[in-house]
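These notes concern the structure reproduced below.
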Amino acid sequence: MDITNEQIVKDVLAGEKDQFTIIVIRCEKFIFNYCYHMLGDYGEAEDCTQEVFLKAYRGLSSYQPDRPFEAWLYRIAYNQSIDMLRKRKVMKLLPFLYKSDRDNNQVDQAIDHKYYNPAVLFALATLSNEERSVIILRCVEDKSYNEISLILNQSSTYLRKKYQRAVEKFRKNYDRTREEKQYATEPSGRRSEATVSKG
């Protein structure tokens, strides 16, 4: 049976510092994915991931064994991502694919980091850091509300409502931006006819 992360933490704190490498190998991929979706930039995500594990190693003595280690690690990743976002003048966010009401009003992630949609980026920019994190953890990382509650230190009931409001905010602003873009690209003659018919 594989040794648990919690046991590895005990071993590292007992002096077996090299054991922390096992944690990095196990957790690096999902922490990077989380940072990448929060930041929307590959290089920044790499830097953020390295900083997360550095802070985790340095703060290992503050870890409380009664909570899942991964939740503690995600919390560090969340805080580090927010710190990096605060330092930006312009936020570049990896967009999520928007699905219409016919697709059960869900928001899902865009897999290709080259995907670019100004309307999606604008809609994401209207979300708070917490709202964006809830959507990422729920849609991208496929975490349950109970798991997210451990990461963000909020109740699952609160997070469920937060997620629903975030999706609604995203959808509303996305639709509005798409409509404005469509109107702006219509031929001037067609817009004039529409204006006359309304008058």
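Starting from 1 in every chain, residues are counted up; chains themselves are A, B, ... following the order of the structure tokens, and ligands are numbered from 1 as listed.
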Original post:
Could you pull out all residues of region 118-177 of chain A with a DSSP call of helix (DSSP H, G or I) and give them as a PyMOL selection string?
Top reply: chain A and resi 118-125+129-140+145-152+156-177
Subject >> Exercise: Cys48 (chain A) partners within 7 Å, only C-alpha atoms, chain neighbours under 6 positions left out, as number ranges by chain >> reply: A: 35, 80-81
Subject >> Proximity to Thr4 (chain A) - best of A:Glu46, A:Glu70, A:Asp41, A:Asp175, only C-alpha atoms >> reply: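 Looking at the shortest contact to Thr4 (chain A), the residue is A:Glu70.
One finds CA of Ala123 (chain A) at 7.4 Å from CA of Arg171 (chain A).
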**OP:** Go ahead and compute the interatomic distance for CA of Ser133 (chain A) and CA of Tyr57 (chain A), in Å to one decimal.
**Re:**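 Those two atoms sit 23.3 Å apart.
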**OP:** Go through A:Arg160, A:Arg75, A:Arg67, A:His37 one by one, measure the shortest atom-to-atom distance of each to Val52 (chain A) using only C-alpha atoms, and give the residue with the smallest value.
**Re:**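 So, comparing all the options, the nearest one is A:Arg75.
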Subject >> Within 12 Å of Asp11 (chain A) using only C-alpha atoms, minus same-chain residues under 4 positions, as an MDAnalysis selection string >> reply: chainID A and resid 3:7 15:23 60:61
Okay, now the selection with N, CA and C atoms, as a PDB file, in the first residue's frame?
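See part12.pdb below for the written result:
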ATOM      1  N   ILE A   3       2.304   4.866   0.655  1.00  0.00           N
ATOM      2  CA  ILE A   3       2.322   5.718   1.836  1.00  0.00           C
ATOM      3  C   ILE A   3       1.477   6.964   1.570  1.00  0.00           C
ATOM      4  N   THR A   4       0.713   7.390   2.548  1.00  0.00           N
ATOM      5  CA  THR A   4      -0.149   8.554   2.370  1.00  0.00           C
ATOM      6  C   THR A   4       0.660   9.848   2.439  1.00  0.00           C
ATOM      7  N   ASN A   5       0.085  10.914   1.871  1.00  0.00           N
ATOM      8  CA  ASN A   5       0.742  12.216   1.949  1.00  0.00           C
ATOM      9  C   ASN A   5       0.883  12.672   3.393  1.00  0.00           C
ATOM     10  N   GLU A   6      -0.130  12.351   4.190  1.00  0.00           N
ATOM     11  CA  GLU A   6      -0.101  12.733   5.605  1.00  0.00           C
ATOM     12  C   GLU A   6       1.063  12.073   6.343  1.00  0.00           C
ATOM     13  N   GLN A   7       1.344  10.808   5.992  1.00  0.00           N
ATOM     14  CA  GLN A   7       2.461  10.108   6.617  1.00  0.00           C
ATOM     15  C   GLN A   7       3.793  10.683   6.130  1.00  0.00           C
ATOM     16  N   GLY A  15      12.553  14.668   9.936  1.00  0.00           N
ATOM     17  CA  GLY A  15      13.928  14.785   9.465  1.00  0.00           C
ATOM     18  C   GLY A  15      14.207  14.175   8.109  1.00  0.00           C
ATOM     19  N   GLU A  16      13.255  13.383   7.580  1.00  0.00           N
ATOM     20  CA  GLU A  16      13.458  12.762   6.266  1.00  0.00           C
ATOM     21  C   GLU A  16      13.007  13.732   5.173  1.00  0.00           C
ATOM     22  N   LYS A  17      13.764  14.789   4.980  1.00  0.00           N
ATOM     23  CA  LYS A  17      13.357  15.883   4.094  1.00  0.00           C
ATOM     24  C   LYS A  17      13.231  15.466   2.631  1.00  0.00           C
ATOM     25  N   ASP A  18      14.017  14.478   2.222  1.00  0.00           N
ATOM     26  CA  ASP A  18      13.962  14.045   0.828  1.00  0.00           C
ATOM     27  C   ASP A  18      12.602  13.452   0.458  1.00  0.00           C
ATOM     28  N   GLN A  19      11.842  13.030   1.445  1.00  0.00           N
ATOM     29  CA  GLN A  19      10.532  12.427   1.198  1.00  0.00           C
ATOM     30  C   GLN A  19       9.555  13.416   0.576  1.00  0.00           C
ATOM     31  N   PHE A  20       9.809  14.695   0.760  1.00  0.00           N
ATOM     32  CA  PHE A  20       8.898  15.705   0.216  1.00  0.00           C
ATOM     33  C   PHE A  20       8.842  15.633  -1.307  1.00  0.00           C
ATOM     34  N   THR A  21       9.883  15.102  -1.926  1.00  0.00           N
ATOM     35  CA  THR A  21       9.913  14.939  -3.381  1.00  0.00           C
ATOM     36  C   THR A  21       8.755  14.075  -3.864  1.00  0.00           C
ATOM     37  N   ILE A  22       8.371  13.107  -3.061  1.00  0.00           N
ATOM     38  CA  ILE A  22       7.246  12.229  -3.416  1.00  0.00           C
ATOM     39  C   ILE A  22       5.968  13.035  -3.530  1.00  0.00           C
ATOM     40  N   ILE A  23       5.767  13.956  -2.599  1.00  0.00           N
ATOM     41  CA  ILE A  23       4.581  14.810  -2.629  1.00  0.00           C
ATOM     42  C   ILE A  23       4.568  15.667  -3.883  1.00  0.00           C
ATOM     43  N   LEU A  60       5.297  23.468   6.385  1.00  0.00           N
ATOM     44  CA  LEU A  60       4.789  22.126   6.647  1.00  0.00           C
ATOM     45  C   LEU A  60       4.386  21.924   8.107  1.00  0.00           C
ATOM     46  N   SER A  61       5.070  22.594   8.999  1.00  0.00           N
ATOM     47  CA  SER A  61       4.760  22.429  10.426  1.00  0.00           C
ATOM     48  C   SER A  61       3.392  23.005  10.794  1.00  0.00           C
TER      49      SER A  61
END
**OP:** Rounded to one decimal place, report the CA of Glu51 (chain A)-CA of Leu85 (chain A) distance in Å.
**Re:** 14.2 Å
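Here the question is which of A:Pro65, A:Tyr158, A:Val134, A:Asp47 gets nearest to Met84 (chain A) using only C-alpha atoms, and that residue is A:Asp47.
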